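Peer 1: What follows is the file final_0.pdb, containing PDB, C-alpha atoms, pLDDT in the B column:
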```
ATOM      1  CA  MET A 234      -6.332  10.977 -10.598  1.00 46.00           C
ATOM      2  CA  SER A 235      -7.191   7.298 -10.654  1.00 54.00           C
ATOM      3  CA  SER A 236      -8.593   7.261  -7.144  1.00 61.00           C
ATOM      4  CA  LYS A 237     -11.771   5.464  -8.173  1.00 76.00           C
ATOM      5  CA  LEU A 238     -10.497   2.176  -6.773  1.00 88.00           C
ATOM      6  CA  LEU A 239      -9.575   3.667  -3.402  1.00 91.00           C
ATOM      7  CA  LEU A 240     -11.679   3.917  -0.271  1.00 92.00           C
ATOM      8  CA  PRO A 241     -12.137   7.155   1.694  1.00 93.00           C
ATOM      9  CA  ASN A 242      -9.355   8.051   4.128  1.00 92.00           C
ATOM     10  CA  ARG A 243     -11.387   7.274   7.264  1.00 94.00           C
ATOM     11  CA  PHE A 244     -11.204   3.543   6.477  1.00 95.00           C
ATOM     12  CA  LYS A 245      -7.440   3.593   6.944  1.00 94.00           C
ATOM     13  CA  ASN A 246      -7.621   3.918  10.728  1.00 94.00           C
ATOM     14  CA  VAL A 247     -10.389   1.331  10.899  1.00 96.00           C
ATOM     15  CA  GLY A 248      -8.062  -0.941   8.930  1.00 95.00           C
ATOM     16  CA  TRP A 249      -5.194  -0.471  11.393  1.00 96.00           C
ATOM     17  CA  LEU A 250      -7.548  -1.163  14.310  1.00 96.00           C
ATOM     18  CA  ILE A 251      -8.481  -4.494  12.726  1.00 96.00           C
ATOM     19  CA  LEU A 252      -5.071  -5.349  11.306  1.00 95.00           C
ATOM     20  CA  ILE A 253      -2.908  -4.891  14.406  1.00 95.00           C
ATOM     21  CA  PRO A 254      -4.871  -7.163  16.795  1.00 95.00           C
ATOM     22  CA  SER A 255      -5.385  -9.813  14.126  1.00 93.00           C
ATOM     23  CA  THR A 256      -1.660  -9.766  13.307  1.00 93.00           C
ATOM     24  CA  ILE A 257      -0.818 -10.320  16.974  1.00 93.00           C
ATOM     25  CA  VAL A 258      -3.351 -13.138  17.324  1.00 90.00           C
ATOM     26  CA  GLY A 259      -2.208 -14.584  13.987  1.00 89.00           C
ATOM     27  CA  ILE A 260       1.441 -14.701  15.092  1.00 88.00           C
ATOM     28  CA  ILE A 261       0.450 -16.374  18.373  1.00 87.00           C
ATOM     29  CA  LEU A 262      -1.641 -18.913  16.453  1.00 84.00           C
ATOM     30  CA  ALA A 263       1.176 -19.606  14.003  1.00 81.00           C
ATOM     31  CA  CYS A 264       3.635 -20.205  16.839  1.00 83.00           C
ATOM     32  CA  ASN A 265       1.394 -22.416  18.960  1.00 80.00           C
ATOM     33  CA  GLU A 266      -0.899 -24.014  16.394  1.00 73.00           C
ATOM     34  CA  PHE A 267      -3.895 -23.928  18.660  1.00 70.00           C
ATOM     35  CA  GLY A 268      -7.537 -23.076  18.094  1.00 73.00           C
ATOM     36  CA  PHE A 269      -9.887 -21.422  20.544  1.00 75.00           C
ATOM     37  CA  ASP A 270     -12.174 -24.161  21.898  1.00 74.00           C
ATOM     38  CA  TRP A 271     -15.181 -21.862  21.894  1.00 78.00           C
ATOM     39  CA  LEU A 272     -14.745 -21.054  18.219  1.00 80.00           C
ATOM     40  CA  TRP A 273     -16.475 -24.043  16.706  1.00 83.00           C
ATOM     41  CA  ALA A 274     -19.230 -23.474  14.194  1.00 83.00           C
ATOM     42  CA  ARG A 275     -21.290 -25.118  11.536  1.00 86.00           C
ATOM     43  CA  VAL A 276     -20.136 -23.553   8.301  1.00 86.00           C
ATOM     44  CA  PHE A 277     -21.102 -23.762   4.671  1.00 87.00           C
ATOM     45  CA  SER A 278     -18.207 -24.938   2.542  1.00 86.00           C
ATOM     46  CA  ILE A 279     -17.718 -25.008  -1.194  1.00 89.00           C
ATOM     47  CA  ALA A 280     -15.173 -27.788  -0.811  1.00 86.00           C
ATOM     48  CA  ASN A 281     -13.709 -29.746   2.092  1.00 84.00           C
ATOM     49  CA  ASP A 282     -12.436 -33.184   3.099  1.00 81.00           C
ATOM     50  CA  GLY A 283     -14.974 -35.948   2.708  1.00 76.00           C
ATOM     51  CA  LYS A 284     -15.068 -39.136   4.756  1.00 74.00           C
ATOM     52  CA  ASP A 285     -12.874 -41.374   2.619  1.00 78.00           C
ATOM     53  CA  GLY A 286     -10.201 -38.921   1.593  1.00 77.00           C
ATOM     54  CA  ASN A 287     -12.147 -37.648  -1.399  1.00 82.00           C
ATOM     55  CA  TYR A 288     -13.216 -34.061  -1.735  1.00 84.00           C
ATOM     56  CA  MET A 289     -16.726 -33.154  -0.704  1.00 82.00           C
ATOM     57  CA  TYR A 290     -18.370 -30.271  -2.491  1.00 86.00           C
ATOM     58  CA  LEU A 291     -21.081 -27.898  -1.279  1.00 87.00           C
ATOM     59  CA  GLY A 292     -21.853 -29.047   2.222  1.00 83.00           C
ATOM     60  CA  ILE A 293     -22.264 -27.997   5.827  1.00 85.00           C
ATOM     61  CA  ARG A 294     -19.619 -29.076   8.299  1.00 82.00           C
ATOM     62  CA  ASN A 295     -18.777 -28.509  11.925  1.00 84.00           C
ATOM     63  CA  THR A 296     -15.284 -27.121  12.327  1.00 83.00           C
ATOM     64  CA  ASN A 297     -13.019 -24.918  14.408  1.00 83.00           C
ATOM     65  CA  ILE A 298     -13.080 -21.490  12.789  1.00 84.00           C
ATOM     66  CA  THR A 299     -10.203 -19.813  14.678  1.00 85.00           C
ATOM     67  CA  ASN A 300      -8.040 -19.633  11.558  1.00 85.00           C
ATOM     68  CA  THR A 301     -10.990 -18.518   9.465  1.00 88.00           C
ATOM     69  CA  VAL A 302     -11.853 -15.634  11.784  1.00 90.00           C
ATOM     70  CA  VAL A 303      -8.258 -14.447  12.236  1.00 91.00           C
ATOM     71  CA  GLY A 304      -7.494 -14.789   8.517  1.00 91.00           C
ATOM     72  CA  VAL A 305     -10.629 -12.932   7.481  1.00 94.00           C
ATOM     73  CA  PHE A 306      -9.951 -10.077   9.912  1.00 95.00           C
ATOM     74  CA  PHE A 307      -6.323  -9.892   8.831  1.00 95.00           C
ATOM     75  CA  ILE A 308      -7.212  -9.701   5.142  1.00 95.00           C
ATOM     76  CA  ILE A 309      -9.997  -7.145   5.663  1.00 96.00           C
ATOM     77  CA  GLY A 310      -7.772  -5.020   7.910  1.00 96.00           C
ATOM     78  CA  ALA A 311      -4.833  -5.192   5.513  1.00 95.00           C
ATOM     79  CA  MET A 312      -7.034  -4.378   2.500  1.00 95.00           C
ATOM     80  CA  LEU A 313      -8.483  -1.330   4.273  1.00 96.00           C
ATOM     81  CA  VAL A 314      -4.981  -0.124   5.156  1.00 95.00           C
ATOM     82  CA  CYS A 315      -3.689  -0.748   1.619  1.00 94.00           C
ATOM     83  CA  PHE A 316      -6.581   0.632  -0.346  1.00 94.00           C
ATOM     84  CA  SER A 317      -7.727   3.688   1.603  1.00 94.00           C
ATOM     85  CA  LYS A 318      -6.714   7.127   0.410  1.00 92.00           C
ATOM     86  CA  GLU A 319      -4.117   9.120   2.286  1.00 91.00           C
ATOM     87  CA  LYS A 320      -5.383  12.355   3.848  1.00 88.00           C
ATOM     88  CA  ASN A 321      -3.772  14.316   1.030  1.00 86.00           C
ATOM     89  CA  GLU A 322      -3.904  11.745  -1.756  1.00 89.00           C
ATOM     90  CA  ASP A 323      -2.492  13.242  -4.970  1.00 90.00           C
ATOM     91  CA  GLU A 324      -0.657  12.139  -8.098  1.00 92.00           C
ATOM     92  CA  PHE A 325       2.720  11.750  -6.381  1.00 93.00           C
ATOM     93  CA  ILE A 326       1.221   9.480  -3.725  1.00 93.00           C
ATOM     94  CA  ALA A 327      -0.604   7.580  -6.476  1.00 92.00           C
ATOM     95  CA  GLU A 328       2.779   6.930  -8.090  1.00 93.00           C
ATOM     96  CA  ILE A 329       4.277   5.711  -4.816  1.00 94.00           C
ATOM     97  CA  ARG A 330       1.225   3.493  -4.394  1.00 94.00           C
ATOM     98  CA  LEU A 331       1.620   1.946  -7.836  1.00 94.00           C
ATOM     99  CA  SER A 332       5.352   1.418  -7.515  1.00 95.00           C
ATOM    100  CA  SER A 333       4.841  -0.172  -4.096  1.00 96.00           C
ATOM    101  CA  LEU A 334       2.274  -2.559  -5.549  1.00 95.00           C
ATOM    102  CA  LEU A 335       4.690  -3.563  -8.300  1.00 96.00           C
ATOM    103  CA  TRP A 336       7.390  -3.988  -5.701  1.00 95.00           C
ATOM    104  CA  ALA A 337       5.159  -6.134  -3.508  1.00 96.00           C
ATOM    105  CA  VAL A 338       4.220  -8.472  -6.348  1.00 96.00           C
ATOM    106  CA  TRP A 339       7.856  -8.804  -7.419  1.00 96.00           C
ATOM    107  CA  VAL A 340       9.181  -9.550  -3.938  1.00 96.00           C
ATOM    108  CA  SER A 341       6.310 -11.859  -3.115  1.00 95.00           C
ATOM    109  CA  TYR A 342       6.832 -14.023  -6.189  1.00 94.00           C
ATOM    110  CA  ILE A 343      10.609 -14.071  -5.807  1.00 95.00           C
ATOM    111  CA  LEU A 344      10.120 -15.349  -2.246  1.00 93.00           C
ATOM    112  CA  LEU A 345       7.648 -17.929  -3.550  1.00 93.00           C
ATOM    113  CA  LEU A 346      10.095 -18.989  -6.244  1.00 94.00           C
ATOM    114  CA  ILE A 347      12.826 -19.481  -3.658  1.00 94.00           C
ATOM    115  CA  ALA A 348      10.403 -21.463  -1.522  1.00 92.00           C
ATOM    116  CA  PHE A 349       9.403 -23.629  -4.510  1.00 91.00           C
ATOM    117  CA  LEU A 350      13.051 -24.471  -5.115  1.00 94.00           C
ATOM    118  CA  PHE A 351      14.216 -25.006  -1.566  1.00 93.00           C
ATOM    119  CA  VAL A 352      11.243 -26.003   0.604  1.00 91.00           C
ATOM    120  CA  TYR A 353       9.736 -29.469   0.350  1.00 92.00           C
ATOM    121  CA  GLY A 354       7.167 -31.562   2.186  1.00 89.00           C
ATOM    122  CA  SER A 355       4.860 -30.172   4.820  1.00 87.00           C
ATOM    123  CA  PRO A 356       6.940 -26.997   5.469  1.00 88.00           C
ATOM    124  CA  PHE A 357       5.892 -26.054   1.945  1.00 89.00           C
ATOM    125  CA  PHE A 358       2.312 -25.953   3.164  1.00 86.00           C
ATOM    126  CA  ASP A 359       3.355 -23.300   5.723  1.00 84.00           C
ATOM    127  CA  VAL A 360       4.996 -21.333   2.923  1.00 87.00           C
ATOM    128  CA  MET A 361       1.726 -21.376   0.974  1.00 87.00           C
ATOM    129  CA  VAL A 362      -0.121 -20.093   4.033  1.00 86.00           C
ATOM    130  CA  TYR A 363       2.296 -17.180   4.515  1.00 86.00           C
ATOM    131  CA  ASN A 364       2.341 -16.463   0.807  1.00 89.00           C
ATOM    132  CA  MET A 365      -1.371 -15.667   0.927  1.00 90.00           C
ATOM    133  CA  PHE A 366      -0.492 -12.530   2.863  1.00 92.00           C
ATOM    134  CA  THR A 367       2.894 -11.445   1.543  1.00 93.00           C
ATOM    135  CA  VAL A 368       1.665  -9.103  -1.205  1.00 95.00           C
ATOM    136  CA  LEU A 369      -0.430  -7.107   1.262  1.00 95.00           C
ATOM    137  CA  ILE A 370       2.263  -7.103   3.962  1.00 95.00           C
ATOM    138  CA  ILE A 371       5.108  -6.085   1.643  1.00 96.00           C
ATOM    139  CA  PHE A 372       2.942  -3.375   0.099  1.00 96.00           C
ATOM    140  CA  ILE A 373       2.087  -1.905   3.501  1.00 96.00           C
ATOM    141  CA  VAL A 374       5.722  -1.938   4.637  1.00 96.00           C
ATOM    142  CA  ARG A 375       7.178  -0.455   1.461  1.00 96.00           C
ATOM    143  CA  PHE A 376       4.432   2.178   0.914  1.00 96.00           C
ATOM    144  CA  ASN A 377       4.583   3.445   4.468  1.00 95.00           C
ATOM    145  CA  TYR A 378       8.395   3.451   4.480  1.00 96.00           C
ATOM    146  CA  ILE A 379       8.483   5.677   1.378  1.00 94.00           C
ATOM    147  CA  MET A 380       5.764   7.941   2.795  1.00 93.00           C
ATOM    148  CA  TYR A 381       7.736   8.209   6.030  1.00 93.00           C
ATOM    149  CA  LYS A 382      10.913   9.070   4.128  1.00 91.00           C
ATOM    150  CA  ASN A 383       9.094  11.801   2.193  1.00 89.00           C
ATOM    151  CA  ALA A 384       7.541  13.246   5.322  1.00 88.00           C
ATOM    152  CA  LYS A 385      11.014  13.360   6.858  1.00 87.00           C
ATOM    153  CA  ALA A 386      12.466  15.057   3.760  1.00 84.00           C
ATOM    154  CA  VAL A 387       9.735  17.690   3.969  1.00 83.00           C
ATOM    155  CA  SER A 388      10.322  18.382   7.653  1.00 80.00           C
ATOM    156  CA  HIS A 389      13.932  19.295   6.838  1.00 75.00           C
ATOM    157  CA  GLU A 390      12.675  22.062   4.548  1.00 69.00           C
ATOM    158  CA  LYS A 391      11.429  25.379   5.760  1.00 56.00           C
TER
ATOM    159  CA  MET B 190      13.493  16.941 -16.472  1.00 88.00           C
ATOM    160  CA  LYS B 191      14.722  19.970 -14.529  1.00 89.00           C
ATOM    161  CA  ASN B 192      12.622  22.700 -12.992  1.00 90.00           C
ATOM    162  CA  ASN B 193      13.137  26.003 -11.249  1.00 92.00           C
ATOM    163  CA  ILE B 194      10.117  25.826  -8.975  1.00 93.00           C
ATOM    164  CA  ARG B 195      12.236  26.662  -5.952  1.00 90.00           C
ATOM    165  CA  VAL B 196      13.505  29.860  -7.618  1.00 91.00           C
ATOM    166  CA  GLU B 197      10.068  30.897  -8.846  1.00 90.00           C
ATOM    167  CA  ARG B 198       8.704  30.223  -5.409  1.00 92.00           C
ATOM    168  CA  ALA B 199      11.342  32.485  -3.847  1.00 92.00           C
ATOM    169  CA  ILE B 200      10.500  35.251  -6.336  1.00 91.00           C
ATOM    170  CA  LYS B 201       6.810  35.027  -5.485  1.00 90.00           C
ATOM    171  CA  ASN B 202       7.663  34.559  -1.806  1.00 92.00           C
ATOM    172  CA  LEU B 203       5.612  31.379  -1.476  1.00 91.00           C
ATOM    173  CA  THR B 204       6.334  28.501   0.907  1.00 91.00           C
ATOM    174  CA  GLN B 205       6.093  24.900  -0.277  1.00 91.00           C
ATOM    175  CA  GLU B 206       2.896  24.595   1.709  1.00 91.00           C
ATOM    176  CA  GLU B 207       1.305  27.647   0.073  1.00 92.00           C
ATOM    177  CA  LEU B 208       2.213  26.491  -3.416  1.00 94.00           C
ATOM    178  CA  ALA B 209       0.934  22.995  -2.589  1.00 93.00           C
ATOM    179  CA  ASN B 210      -2.412  24.434  -1.514  1.00 92.00           C
ATOM    180  CA  LYS B 211      -2.692  26.597  -4.620  1.00 92.00           C
ATOM    181  CA  VAL B 212      -2.333  23.581  -6.925  1.00 94.00           C
ATOM    182  CA  SER B 213      -4.119  21.130  -4.552  1.00 92.00           C
ATOM    183  CA  VAL B 214      -1.346  18.629  -3.960  1.00 93.00           C
ATOM    184  CA  SER B 215       0.518  17.598  -0.810  1.00 91.00           C
ATOM    185  CA  ARG B 216       3.624  19.393   0.376  1.00 91.00           C
ATOM    186  CA  GLN B 217       5.581  16.191  -0.262  1.00 90.00           C
ATOM    187  CA  THR B 218       4.807  16.497  -3.948  1.00 93.00           C
ATOM    188  CA  ILE B 219       6.241  20.003  -4.213  1.00 93.00           C
ATOM    189  CA  ASN B 220       9.265  18.918  -2.210  1.00 92.00           C
ATOM    190  CA  ALA B 221       9.836  15.852  -4.406  1.00 92.00           C
ATOM    191  CA  MET B 222       9.582  17.944  -7.589  1.00 93.00           C
ATOM    192  CA  GLU B 223      12.079  20.499  -6.291  1.00 92.00           C
ATOM    193  CA  ALA B 224      14.432  17.651  -5.422  1.00 90.00           C
ATOM    194  CA  ASN B 225      13.985  16.315  -8.988  1.00 90.00           C
ATOM    195  CA  LYS B 226      12.565  13.088  -7.587  1.00 89.00           C
ATOM    196  CA  TYR B 227       9.192  13.424  -9.213  1.00 92.00           C
ATOM    197  CA  VAL B 228       8.093  14.465 -12.700  1.00 93.00           C
ATOM    198  CA  PRO B 229       4.630  16.020 -12.463  1.00 94.00           C
ATOM    199  CA  SER B 230       1.718  15.232 -14.728  1.00 93.00           C
ATOM    200  CA  THR B 231       0.935  17.670 -17.530  1.00 94.00           C
ATOM    201  CA  VAL B 232      -2.048  18.941 -15.567  1.00 93.00           C
ATOM    202  CA  LEU B 233       0.061  19.715 -12.516  1.00 94.00           C
ATOM    203  CA  ALA B 234       2.822  21.311 -14.601  1.00 94.00           C
ATOM    204  CA  LEU B 235       0.256  23.599 -16.237  1.00 94.00           C
ATOM    205  CA  LYS B 236      -1.241  24.513 -12.866  1.00 94.00           C
ATOM    206  CA  ILE B 237       2.170  25.387 -11.432  1.00 94.00           C
ATOM    207  CA  ALA B 238       3.026  27.505 -14.471  1.00 93.00           C
ATOM    208  CA  LYS B 239      -0.273  29.318 -14.015  1.00 92.00           C
ATOM    209  CA  VAL B 240       0.492  30.151 -10.384  1.00 93.00           C
ATOM    210  CA  PHE B 241       3.768  31.750 -11.484  1.00 93.00           C
ATOM    211  CA  SER B 242       2.093  33.401 -14.523  1.00 92.00           C
ATOM    212  CA  LYS B 243       4.653  31.837 -16.841  1.00 91.00           C
ATOM    213  CA  SER B 244       4.618  29.256 -19.578  1.00 92.00           C
ATOM    214  CA  VAL B 245       5.432  25.645 -18.749  1.00 92.00           C
ATOM    215  CA  GLU B 246       8.724  25.812 -20.665  1.00 91.00           C
ATOM    216  CA  ASP B 247       9.905  28.676 -18.482  1.00 90.00           C
ATOM    217  CA  ILE B 248       9.667  26.434 -15.440  1.00 91.00           C
ATOM    218  CA  PHE B 249      10.304  22.919 -16.735  1.00 92.00           C
ATOM    219  CA  THR B 250      13.151  22.055 -19.080  1.00 91.00           C
ATOM    220  CA  LEU B 251      14.222  18.794 -20.652  1.00 91.00           C
ATOM    221  CA  GLU B 252      17.537  17.290 -19.664  1.00 87.00           C
ATOM    222  CA  LYS B 253      19.951  15.074 -21.567  1.00 87.00           C
ATOM    223  CA  GLY B 254      18.543  11.575 -21.582  1.00 84.00           C
ATOM    224  CA  ASP B 255      14.892  12.663 -21.466  1.00 82.00           C
TER
END
```
In structure tokens, how does this file's structure come out?
Peer 2:
Amino acid sequence: MSSKLLLPNRFKNVGWLILIPSTIVGIILACNEFGFDWLWARVFSIANDGKDGNYMYLGIRNTNITNTVVGVFFIIGAMLVCFSKEKNEDEFIAEIRLSSLLWAVWVSYILLLIAFLFVYGSPFFDVMVYNMFTVLIIFIVRFNYIMYKNAKAVSHEK
Amino acid sequence: MKNNIRVERAIKNLTQEELANKVSVSRQTINAMEANKYVPSTVLALKIAKVFSKSVEDIFTLEKGD
């Protein structure tokens, strides 16, 4: 089957180990809007704010990287969870995977559409931040829900 | 598409797990096919027919609307 784009199964648990803590930290950060004081660093940036409100391209800047670190871990963790094979990956699971991806893209863009229509001003910036993660989150929820339902259906059989 | 995998399995006295192993898929897949929730690929249909020593048409049949 088309498992060429999937990682080996062992990465799935690694993914959960990264995803769960970074989700917890991410939720705390989102609620409190703070940055860890010790997480400042000089970073290379392709683009950032210049001095007079213009964009500055290709430069080094000193900044708090709390969001960067949490976001990077969240995305890596979520990608490992999404794109690692199941233990018994086969064509049926591949179909569930594909349909869940389609589902995730649909739901994500419908949510974005609603937000475009009904959210204005700086709350819209928050929406954009959450929308970066919705496809991965919805995929994980829907895929695992269907897998759970199937496992349950099987356990009712002899 | 309908199938009589469950019947064929009973005749051969195979569990879902055993059939799943013979055609290298998960038990969920066999279960979903028996519940008519999943239409297998041609490759899998051929493999299943082979296990039961029958032709594919003896196990899988088209339904109205297919």
Peer 1: For the interface of chain A with chain B (cut-off 7 Å, counting all atoms listed in the file), please tabulate each contacting residue of chain A alongside its nearest pair of atoms and their separation in Å to one decimal, rows sorted by chain and increasing number, as JSON lines.
Peer 2:
```
{"residue": "A:Asn321", "atom": "CA", "partner": "B:Ser215", "partner_atom": "CA", "distance": 5.7}
{"residue": "A:Asp323", "atom": "CA", "partner": "B:Val214", "partner_atom": "CA", "distance": 5.6}
{"residue": "A:Phe325", "atom": "CA", "partner": "B:Thr218", "partner_atom": "CA", "distance": 5.7}
{"residue": "A:Asn383", "atom": "CA", "partner": "B:Gln217", "partner_atom": "CA", "distance": 6.1}
{"residue": "A:Ala384", "atom": "CA", "partner": "B:Gln217", "partner_atom": "CA", "distance": 6.6}
{"residue": "A:Val387", "atom": "CA", "partner": "B:Gln217", "partner_atom": "CA", "distance": 6.1}
```
Peer 1: Could you pull the residues within 12 Å of A:Phe306, counting all atoms listed in the file, minus those fewer than 5 positions along the same chain, as a PDB file with C-alpha atoms, in the coordinates of the input?
Peer 2:
```pdb
ATOM      1  CA  VAL A 247     -10.389   1.331  10.899  1.00 96.00           C
ATOM      2  CA  GLY A 248      -8.062  -0.941   8.930  1.00 95.00           C
ATOM      3  CA  TRP A 249      -5.194  -0.471  11.393  1.00 96.00           C
ATOM      4  CA  LEU A 250      -7.548  -1.163  14.310  1.00 96.00           C
ATOM      5  CA  ILE A 251      -8.481  -4.494  12.726  1.00 96.00           C
ATOM      6  CA  LEU A 252      -5.071  -5.349  11.306  1.00 95.00           C
ATOM      7  CA  ILE A 253      -2.908  -4.891  14.406  1.00 95.00           C
ATOM      8  CA  PRO A 254      -4.871  -7.163  16.795  1.00 95.00           C
ATOM      9  CA  SER A 255      -5.385  -9.813  14.126  1.00 93.00           C
ATOM     10  CA  THR A 256      -1.660  -9.766  13.307  1.00 93.00           C
ATOM     11  CA  ILE A 257      -0.818 -10.320  16.974  1.00 93.00           C
ATOM     12  CA  VAL A 258      -3.351 -13.138  17.324  1.00 90.00           C
ATOM     13  CA  GLY A 259      -2.208 -14.584  13.987  1.00 89.00           C
ATOM     14  CA  THR A 299     -10.203 -19.813  14.678  1.00 85.00           C
ATOM     15  CA  ASN A 300      -8.040 -19.633  11.558  1.00 85.00           C
ATOM     16  CA  THR A 301     -10.990 -18.518   9.465  1.00 88.00           C
ATOM     17  CA  ALA A 311      -4.833  -5.192   5.513  1.00 95.00           C
ATOM     18  CA  MET A 312      -7.034  -4.378   2.500  1.00 95.00           C
ATOM     19  CA  LEU A 313      -8.483  -1.330   4.273  1.00 96.00           C
TER      20      LEU A 313
END
```
Peer 1: May I have the residues within 12 Å of B:Lys236 as a PyMOL selection string, using only C-alpha atoms and disregarding those fewer than 6 positions away in the same chain?
Peer 2: chain B and resi 208-214+229-230+242-245+248
Peer 1: Is there a way to get, as a list of chain:residue names, all residues within 7 Å of the point (-19.6, -25.4, 10.1) in file coordinates, counting all atoms listed in the file?
Peer 2: A:Ala274, A:Arg275, A:Val276, A:Phe277, A:Ile293, A:Arg294, A:Asn295, A:Thr296
Peer 1: One number please: atom CA of A:Ala280 to atom CA of A:Val303, in Å, one decimal.
Peer 2: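 Taking atom CA of A:Ala280 and atom CA of A:Val303, their separation equals 19.9 Å.
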Peer 1: Pick out the closest residue to B:Val232 from this set: A:Trp339, A:Val362, A:Glu319, A:Glu324. Count all atoms listed in the file.
Peer 2: A:Glu324
Peer 1: Report as a list in words all protein, DNA and RNA residues lying within 12 Å of B:Val196, evaluated on all atoms listed in the file, omitting residues in the same chain fewer than 5 positions from it.
Peer 2: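 My reading of the contact set: Lys201, Asn202, Leu203, Thr204, Gln205, Glu223, Phe241, Asp247, Ile248 and Phe249 of chain B.
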Peer 1: Could you give me, as an mmCIF file with C-alpha atoms, keeping the file's coordinate frame, the residues within 10 Å of A:Leu331, counting only C-alpha atoms and dropping anything in the same chain fewer than 5 positions from it?
Peer 2:
```cif
data_model
loop_
_atom_site.group_PDB
_atom_site.id
_atom_site.type_symbol
_atom_site.label_atom_id
_atom_site.label_comp_id
_atom_site.auth_asym_id
_atom_site.auth_seq_id
_atom_site.Cartn_x
_atom_site.Cartn_y
_atom_site.Cartn_z
ATOM 1 C CA PHE A 325 2.720 11.750 -6.381
ATOM 2 C CA ILE A 326 1.221 9.480 -3.725
ATOM 3 C CA TRP A 336 7.390 -3.988 -5.701
ATOM 4 C CA ALA A 337 5.159 -6.134 -3.508
ATOM 5 C CA PHE A 372 2.942 -3.375 0.099
ATOM 6 C CA PHE A 376 4.432 2.178 0.914
#
```
Peer 1: Suppose you want the space between atom CA of A:Lys237 and atom CA of A:Lys318; what is it in Å?
Peer 2: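 These two atoms are separated by 10.1 Å.
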Peer 1: Residues within 12 Å of A:Thr367, please, as a list in words. Count all atoms listed in the file; anything in the same chain fewer than 5 positions from it doesn't count.
Peer 2: Phe307, Ile308, Ala311, Leu334, Trp336, Ala337, Val338, Trp339, Val340, Ser341, Tyr342, Ile343, Leu344, Leu345, Val360, Met361, Val362, Phe372, Ile373, Val374 and Arg375 of chain A
Peer 1: Nearest to A:Ile309 among A:Lys245, A:Lys284, A:Arg330, A:Lys382, with distances taken over only C-alpha atoms: which residue is it?
Peer 2: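 Ranking A:Lys245, A:Lys284, A:Arg330, A:Lys382 by distance to A:Ile309, first place goes to A:Lys245.
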Peer 1: Decode the PyMOL selection byres ((chain B and resi 252) around 10) for the given file into explicit residues and return them as a list of chain:residue names.
Peer 2: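 On this input, the PyMOL selection byres ((chain B and resi 252) around 10) captures B:Met190, B:Lys191, B:Asn192, B:Phe249, B:Thr250, B:Leu251, B:Lys253, B:Gly254, B:Asp255.
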